[in-house]
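Novice: Input: one structure, supplied below.
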Amino acid sequence: MSQSVNKYILENKNKINQTFRNKFHLMPTLGWMNDPNGFVYYKGEYHLFYQYYPYDSVWGPMHWGHAKSKDLIHWEDLPVALEPGETYDADGCFSGSAIVVEDKLYLLYTGHYERNGERRETQCLAVSTDGIVFKKYEKNPVISEKQLQKYGDISDFRDPKVFYREGVFYTVVATKSETNLGRILLFESKDLFDWQFKSILLEGKKHQGIMWECPDLFELDNKDVLIMSPIEMERQGYAYYNINSTVAFVGEMDWNEGKFSVENYHEIDTGLDFYAPQTCQDDEGNRVMVAWMQMDVA
């Protein structure tokens, strides 16, 4: 991690007009933010990363901003955790998640490359021993065309959410089918470094959107819940689609087959000011959700 981006933030933070800054919601010191990433409870505090472009208040090559909190209200800004620069993430460190293993904090994120008409999105790993300074894995990406095979589109293959279950690490990753239907893939690993394709977890129907972004899979009240943010999902009961929304599919996982059986689904929010949600569990087992609230100023 270069120190130039953090130096830039320190040198320019006092130049920002503070008039309209939120007092309750987390905001970056300066620049642009979008999706929450890597939401995790680590060493007695909540750590929240986010898609971040520090050099202007517009979307740009994505970094990972970083903050922590004891109560989800009062936040402490931390140095930028990830910035683009390697071949596999030259055009952005896109969304992902975090997991704690043996007191280390691991980030699984999408490396974005888009040059000369070629676009590739692969899944990459970074690790920290203190929760502040992160080192990218020297053999990144850990999930690429080799693991994706024929099951998705490498140009739309992103937003890994990692979790641990019964001795195995899993991640759900968003992609789409050959006919532009939302599709969630499941990968598995014994060590976070060596990943294998497990299954097509769930695929959408025509009215359920052309891409399912930012999936998250967890158990809640004895049901399995898969949340994601569909693009262009038709509104139930209406004759038009919603460009960006957030949906919960409720049902049951078959872990042997890696398949999700849907009992019902509903919108959590119609978007766009509640998008790309991510959950984590604290030390008491509470499931907490955060999402991106967009602000457009004319």
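In the structure tokens, chains take letters A, B, ... by order of appearance, with residues numbered from 1 within each chain and ligands from 1 in the order shown.
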Could you give me, as a tab-separated table, every stretch 157-223 of chain A residue with an atom at most 9 Å from stretch 254-275 of chain A, plus its closest atom pair and distance in Å to one decimal, counting only C-alpha atoms, rows ordered by chain then number?

Specialist:
```
residue	atom	partner	partner_atom	distance
A:Leu186	CA	A:Gly258	CA	7.0
A:Lys198	CA	A:Gly258	CA	6.5
A:Ser199	CA	A:Gly258	CA	5.5
A:Ile200	CA	A:Lys259	CA	6.9
A:Leu201	CA	A:Lys259	CA	4.7
A:Leu202	CA	A:Phe260	CA	5.9
A:Cys214	CA	A:Tyr275	CA	8.9
```

Novice: At a cut-off of 10 Å, using only C-alpha atoms, what residues contact A:Phe134? Leave out same-chain residues fewer than 2 positions from it and give the result as a list in words.

Specialist: Met1, Val80, Ala81, Leu82, Leu105, Tyr106, Leu107, Leu125, Ala126, Val127, Ser128, Thr129, Asp130, Gly131, Ile132, Lys136 and Tyr137 of chain A

Novice: What are the closest atom pairs, with distances in Å to one decimal, for each residue of stretch 94-150 of chain A lying within 12 Å of stretch 60-66 of chain A, using only C-alpha atoms, rows by chain and rising residue number, as CSV?

Specialist:
```
residue,atom,partner,partner_atom,distance
A:Phe94,CA,A:Met62,CA,6.1
A:Ser95,CA,A:Trp64,CA,8.4
A:Gly96,CA,A:Trp64,CA,9.6
A:Ser97,CA,A:Trp64,CA,10.9
A:Ala98,CA,A:Trp64,CA,12.0
A:Leu107,CA,A:Trp64,CA,10.3
A:Leu108,CA,A:Trp64,CA,11.6
A:Tyr109,CA,A:Trp64,CA,9.6
A:Thr110,CA,A:Met62,CA,10.4
A:Gly111,CA,A:Met62,CA,9.7
A:His112,CA,A:Met62,CA,8.9
A:Tyr113,CA,A:Pro61,CA,10.2
A:Glu114,CA,A:Pro61,CA,10.6
A:Ala126,CA,A:Trp64,CA,11.6
A:Gly131,CA,A:His66,CA,9.9
A:Ile132,CA,A:His66,CA,8.4
A:Val133,CA,A:His66,CA,10.7
A:Phe134,CA,A:Trp64,CA,10.7
```

Novice: Determine which residues of stretch 87-288 of chain A DSSP labels as alpha helix (DSSP H) from the backbone of this structure, then write them out as a list in words.

Specialist: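 Of stretch 87-288 of chain A, the ones in alpha helix (DSSP H) are Glu145, Lys146, Gln147 and Leu148 of chain A.
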
Novice: Store the residues picked out above in a file with C-alpha atoms, as a PDB file, in the first residue's frame.

Specialist:
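For reference, again_33.pdb as written:
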```pdb
ATOM      1  CA  GLU A 145     -11.289 -17.907 -15.265  1.00  0.00           C
ATOM      2  CA  LYS A 146      -9.830 -21.200 -14.021  1.00  0.00           C
ATOM      3  CA  GLN A 147     -12.449 -21.524 -11.293  1.00  0.00           C
ATOM      4  CA  LEU A 148     -15.246 -19.656 -13.085  1.00  0.00           C
TER       5      LEU A 148
END
```

Novice: Nearest residue to A:Glu138 out of A:Phe187, A:Pro54, A:Glu86, A:Arg235, using only C-alpha atoms?

Specialist: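 Nearest candidate to A:Glu138 out of A:Phe187, A:Pro54, A:Glu86, A:Arg235: A:Glu86.
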
Novice: Show which residues sit within 12 Å of stretch 18-26 of chain A, as a VMD selection string. Count only C-alpha atoms, and ignore same-chain residues fewer than 6 positions away.

Specialist: chain A and resid 33 to 34 36 47 to 50 65 to 69 71 to 77 290 to 295 297

Novice: Would you compute the distance between atom CA of A:Lys13 and atom CA of A:Phe39? Give it in Å to one decimal.

Specialist: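 If I compute the distance from atom CA of A:Lys13 to atom CA of A:Phe39, I get 24.4 Å.
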
Novice: Have a look at A:Gln3, A:Gly31, A:Val40, A:Val172 and name the one nearest to A:Lys15; count only C-alpha atoms.

Specialist: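 Result for the nearest residue to A:Lys15: A:Gly31.
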
Novice: Quick check for you: according to DSSP on this backbone, which residues of stretch 50-207 of chain A are classed as strand (DSSP E or B)? Reply as a PyMOL selection string.

Specialist: chain A and resi 50-53+62-69+75-82+92-101+104-115+118-128+135-136+143+153+156+158-165+168-176+182-189+195-203

Novice: Smallest atom-to-atom distance to A:Pro79: which of A:Asn14, A:Asn6, A:Gln149, A:Ser177, using only C-alpha atoms?

Specialist: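 Closest residue, counting only C-alpha atoms: A:Asn6.
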